[in-house]
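Enquirer: Have a look at this one.
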Amino acid sequence: MELTSYSGLPNERVKAANGIDYAYRDTGPTDDGAGVPLVLLQHFRGNLDNWDPALIDALAAGRRVIAFDNAGVGGSTGTTPHTVDRMAHDAIAFIEAMGAGGGQGPVDVLGFSLGSFVAQRVALTRPALVRRLVLASSAPQGADGMHGWAPEVIGAVGDPETSPEEYLSVFFARSETSLRAGRQTLQRIYGARSADRDPATDWATREAQYDAVCTWGIPDHAKLQRLGCLRMPVFVANGDSDPMILPHYSHLLAGLIPQARVKIYPDAAHGFLFQHHAEFAADVDAFLGGGSR
């Protein structure tokens, strides 16, 4: 049976034990042979419609994929927390509301940017809940040089109204090849779905999420050591020209996690997973399947 593209999926809701109604989209096969579900955690200010449909469709070709708005984001109720730790507890509540961790087995988790910070905390807080972990455009808590983003970066993605040009300047490299891929990504994100779009994140969410990002980046080397507790396999990935979370943090992160592997994608920036969506999806599929790709 042919699957509906991510851009055509309905927005669904589930109520969790914490009282939050979470907005989500659920795609991919759901039969017993589909394996462990993959749960996606979104970037700073992102909602359900800020995922590239091409990436989600590729990831969902062989497994169930669930994207959701965390508390206070987009179509979910509640208030956006000001800490990554609280966001992680809200994410755990969603995962459990969807049936995982309550006798139906663990999930795989893919966190992107701020979502990758949340994913780390989910795995540290409930290690039995996470089978395998993918960290895209990520950094460990407490690393030097991560206390807030560079002025040109937060100016591009943190203003009340951002432009396509500003998005491209952070999410894609300066080469014509990368910028062309960025324009194609924007067309897929904003052009493929016109009805029933997820509500845009508001300014309160922006402020709370940036508070969480800045707190995560306060230098504290003791916090780096906690990543040694992660015993599940971890795939760390980034673009080689990311101005938002520099790629050397990917190597630092992978070096702190016992079963981590790292890949840096060429001629790409923060949105490498959208630019290289086919390659990244294949790498994730091989990793989640236990392959050596």
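Labels used: A, B, ... for chains in the order of the structure tokens, numbers from 1 for residues in each chain, and numbers from 1 for ligands as shown.
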Would you mind writing down, as a ChimeraX atom specification, each residue of segment 80-171 of chain A that DSSP on the backbone assigns to helix (DSSP H, G or I)?

Expert: /A:84-97,114-125,127-129,151-157,164-171

Enquirer: Residues near Ser178 of chain A, anyone? I mean within 12 Å using only C-alpha atoms, not counting same-chain ones fewer than 2 positions away, as a PyMOL selection string.

Expert: chain A and resi 168-176+180-185+239-242+265-276

Enquirer: Name the residues in contact with Val73 of chain A at a cut-off of 10 Å, using only C-alpha atoms, excluding same-chain residues fewer than 2 positions from it; report them as a list of chain:residue names.

Expert: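 The residues that qualify are A:Tyr22, A:Ala23, A:Arg45, A:Gly46, A:Asn47, A:Leu48, A:Phe68, A:Asp69, A:Asn70, A:Ala71, A:Gly75, A:Ser76, A:Thr77, A:Gly78, A:Thr79, A:Thr80, A:Pro81, A:Asp198, A:Pro199, A:Ala200, A:Thr201, A:Asp202, A:Ala204, A:Thr205, A:Arg206, A:Gln209.
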
Enquirer: At what distance in Å, to one decimal, does atom CA of Glu152 of chain A lie from atom CA of Ala119 of chain A?

Expert: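 So the two atoms, atom CA of Ala119 of chain A and atom CA of Glu152 of chain A, lie 26.2 Å apart.
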
Enquirer: Apply DSSP to the backbone of this structure and, from segment 134-268 of chain A, keep only the residues in strand (DSSP E); write these as JSON, numbers by chain.

Expert: {"A": [134, 135, 136, 234, 235, 236, 237, 238, 239, 260, 261, 262, 263, 264, 265]}

Enquirer: Restricting it to all heavy atoms, dump the selection as an mmCIF file, in the first residue's frame.

Expert:
data_model
loop_
_atom_site.group_PDB
_atom_site.id
_atom_site.type_symbol
_atom_site.label_atom_id
_atom_site.label_comp_id
_atom_site.auth_asym_id
_atom_site.auth_seq_id
_atom_site.Cartn_x
_atom_site.Cartn_y
_atom_site.Cartn_z
ATOM 1 N N VAL A 134 19.612 9.364 17.452
ATOM 2 C CA VAL A 134 20.223 10.129 16.370
ATOM 3 C C VAL A 134 20.240 11.602 16.786
ATOM 4 O O VAL A 134 19.195 12.174 17.109
ATOM 5 C CB VAL A 134 19.442 9.966 15.046
ATOM 6 C CG1 VAL A 134 20.109 10.780 13.934
ATOM 7 C CG2 VAL A 134 19.345 8.496 14.654
ATOM 8 N N LEU A 135 21.416 12.224 16.769
ATOM 9 C CA LEU A 135 21.589 13.612 17.188
ATOM 10 C C LEU A 135 22.097 14.421 16.005
ATOM 11 O O LEU A 135 23.254 14.282 15.592
ATOM 12 C CB LEU A 135 22.569 13.697 18.363
ATOM 13 C CG LEU A 135 22.178 12.875 19.606
ATOM 14 C CD1 LEU A 135 23.294 12.909 20.641
ATOM 15 C CD2 LEU A 135 20.867 13.369 20.195
ATOM 16 N N ALA A 136 21.231 15.268 15.444
ATOM 17 C CA ALA A 136 21.555 16.054 14.258
ATOM 18 C C ALA A 136 21.794 17.507 14.651
ATOM 19 O O ALA A 136 20.976 18.104 15.357
ATOM 20 C CB ALA A 136 20.417 15.972 13.243
ATOM 21 N N VAL A 234 24.539 5.531 19.269
ATOM 22 C CA VAL A 234 24.195 6.921 18.961
ATOM 23 C C VAL A 234 24.857 7.312 17.645
ATOM 24 O O VAL A 234 26.046 7.048 17.431
ATOM 25 C CB VAL A 234 24.643 7.875 20.088
ATOM 26 C CG1 VAL A 234 24.287 9.323 19.752
ATOM 27 C CG2 VAL A 234 24.025 7.476 21.427
ATOM 28 N N PHE A 235 24.076 7.946 16.776
ATOM 29 C CA PHE A 235 24.583 8.476 15.507
ATOM 30 C C PHE A 235 24.553 9.994 15.600
ATOM 31 O O PHE A 235 23.497 10.591 15.781
ATOM 32 C CB PHE A 235 23.717 7.984 14.350
ATOM 33 C CG PHE A 235 24.097 8.517 12.987
ATOM 34 C CD1 PHE A 235 25.415 8.716 12.625
ATOM 35 C CD2 PHE A 235 23.104 8.820 12.049
ATOM 36 C CE1 PHE A 235 25.756 9.205 11.365
ATOM 37 C CE2 PHE A 235 23.427 9.303 10.793
ATOM 38 C CZ PHE A 235 24.755 9.497 10.449
ATOM 39 N N VAL A 236 25.728 10.630 15.487
ATOM 40 C CA VAL A 236 25.877 12.078 15.564
ATOM 41 C C VAL A 236 26.195 12.602 14.172
ATOM 42 O O VAL A 236 27.087 12.071 13.500
ATOM 43 C CB VAL A 236 26.998 12.464 16.552
ATOM 44 C CG1 VAL A 236 27.154 13.976 16.636
ATOM 45 C CG2 VAL A 236 26.729 11.876 17.933
ATOM 46 N N ALA A 237 25.484 13.645 13.723
ATOM 47 C CA ALA A 237 25.675 14.130 12.361
ATOM 48 C C ALA A 237 25.524 15.641 12.297
ATOM 49 O O ALA A 237 24.804 16.248 13.101
ATOM 50 C CB ALA A 237 24.676 13.475 11.415
ATOM 51 N N ASN A 238 26.194 16.254 11.327
ATOM 52 C CA ASN A 238 26.098 17.697 11.120
ATOM 53 C C ASN A 238 26.612 18.027 9.721
ATOM 54 O O ASN A 238 27.173 17.175 9.035
ATOM 55 C CB ASN A 238 26.908 18.453 12.177
ATOM 56 C CG ASN A 238 26.453 19.896 12.360
ATOM 57 O OD1 ASN A 238 25.612 20.386 11.614
ATOM 58 N ND2 ASN A 238 27.004 20.573 13.344
ATOM 59 N N GLY A 239 26.394 19.291 9.316
ATOM 60 C CA GLY A 239 26.988 19.795 8.094
ATOM 61 C C GLY A 239 28.338 20.424 8.389
ATOM 62 O O GLY A 239 28.574 20.910 9.498
ATOM 63 N N ALA A 260 29.104 5.805 20.102
ATOM 64 C CA ALA A 260 28.714 6.838 19.142
ATOM 65 C C ALA A 260 29.546 6.749 17.879
ATOM 66 O O ALA A 260 30.731 6.388 17.908
ATOM 67 C CB ALA A 260 28.843 8.221 19.755
ATOM 68 N N ARG A 261 28.903 7.076 16.771
ATOM 69 C CA ARG A 261 29.600 7.269 15.505
ATOM 70 C C ARG A 261 29.227 8.654 14.988
ATOM 71 O O ARG A 261 28.152 9.177 15.307
ATOM 72 C CB ARG A 261 29.217 6.188 14.490
ATOM 73 C CG ARG A 261 27.760 6.221 14.053
ATOM 74 C CD ARG A 261 27.381 5.065 13.129
ATOM 75 N NE ARG A 261 27.285 3.813 13.835
ATOM 76 C CZ ARG A 261 26.833 2.685 13.282
ATOM 77 N NH1 ARG A 261 26.443 2.671 12.007
ATOM 78 N NH2 ARG A 261 26.742 1.572 13.974
ATOM 79 N N VAL A 262 30.093 9.255 14.185
ATOM 80 C CA VAL A 262 29.848 10.619 13.725
ATOM 81 C C VAL A 262 30.040 10.695 12.218
ATOM 82 O O VAL A 262 30.901 10.000 11.656
ATOM 83 C CB VAL A 262 30.781 11.619 14.448
ATOM 84 C CG1 VAL A 262 32.245 11.347 14.152
ATOM 85 C CG2 VAL A 262 30.415 13.058 14.110
ATOM 86 N N LYS A 263 29.219 11.547 11.568
ATOM 87 C CA LYS A 263 29.383 11.818 10.141
ATOM 88 C C LYS A 263 29.128 13.294 9.894
ATOM 89 O O LYS A 263 28.135 13.855 10.384
ATOM 90 C CB LYS A 263 28.417 10.972 9.303
ATOM 91 C CG LYS A 263 28.549 11.238 7.796
ATOM 92 C CD LYS A 263 27.731 10.258 6.962
ATOM 93 C CE LYS A 263 27.873 10.555 5.470
ATOM 94 N NZ LYS A 263 27.159 9.560 4.620
ATOM 95 N N ILE A 264 30.020 13.919 9.145
ATOM 96 C CA ILE A 264 29.879 15.321 8.765
ATOM 97 C C ILE A 264 29.613 15.368 7.264
ATOM 98 O O ILE A 264 30.400 14.849 6.466
ATOM 99 C CB ILE A 264 31.150 16.131 9.111
ATOM 100 C CG1 ILE A 264 31.503 15.966 10.600
ATOM 101 C CG2 ILE A 264 30.952 17.597 8.757
ATOM 102 C CD1 ILE A 264 30.452 16.474 11.558
ATOM 103 N N TYR A 265 28.504 16.004 6.878
ATOM 104 C CA TYR A 265 28.088 16.045 5.473
ATOM 105 C C TYR A 265 28.702 17.260 4.790
ATOM 106 O O TYR A 265 28.701 18.361 5.348
ATOM 107 C CB TYR A 265 26.562 16.071 5.386
ATOM 108 C CG TYR A 265 25.917 14.782 5.858
ATOM 109 C CD1 TYR A 265 25.854 14.480 7.216
ATOM 110 C CD2 TYR A 265 25.402 13.864 4.954
ATOM 111 C CE1 TYR A 265 25.290 13.285 7.661
ATOM 112 C CE2 TYR A 265 24.834 12.673 5.392
ATOM 113 C CZ TYR A 265 24.790 12.389 6.749
ATOM 114 O OH TYR A 265 24.227 11.212 7.199
#

Enquirer: Could you tell me which of A:His277, A:His82, A:Arg193, A:Arg188 comes closest to Glu207 of chain A if we count only C-alpha atoms?

Expert: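 Nearest candidate to Glu207 of chain A out of A:His277, A:His82, A:Arg193, A:Arg188: A:His82.
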
Enquirer: Using only C-alpha atoms, which of the listed residues (A:Ser113, A:Ser163, A:Thr215, A:Thr30) sits closest to Phe44 of chain A?

Expert: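 Of the candidates, the smallest distance to Phe44 of chain A is held by A:Ser113.
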
Enquirer: So the first atom is atom CA of Asp285 of chain A and the second is atom CA of Ser137 of chain A; what is the distance between them in Å, to one decimal place?

Expert: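 Straight-line distance from atom CA of Asp285 of chain A to atom CA of Ser137 of chain A works out to 17.9 Å.
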
Enquirer: Hey, which of A:Leu253, A:Leu114, A:Leu9, A:Leu3 ends up closest to Ala61 of chain A? Count only C-alpha atoms.

Expert: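 Closest to Ala61 of chain A, using only C-alpha atoms: A:Leu3.
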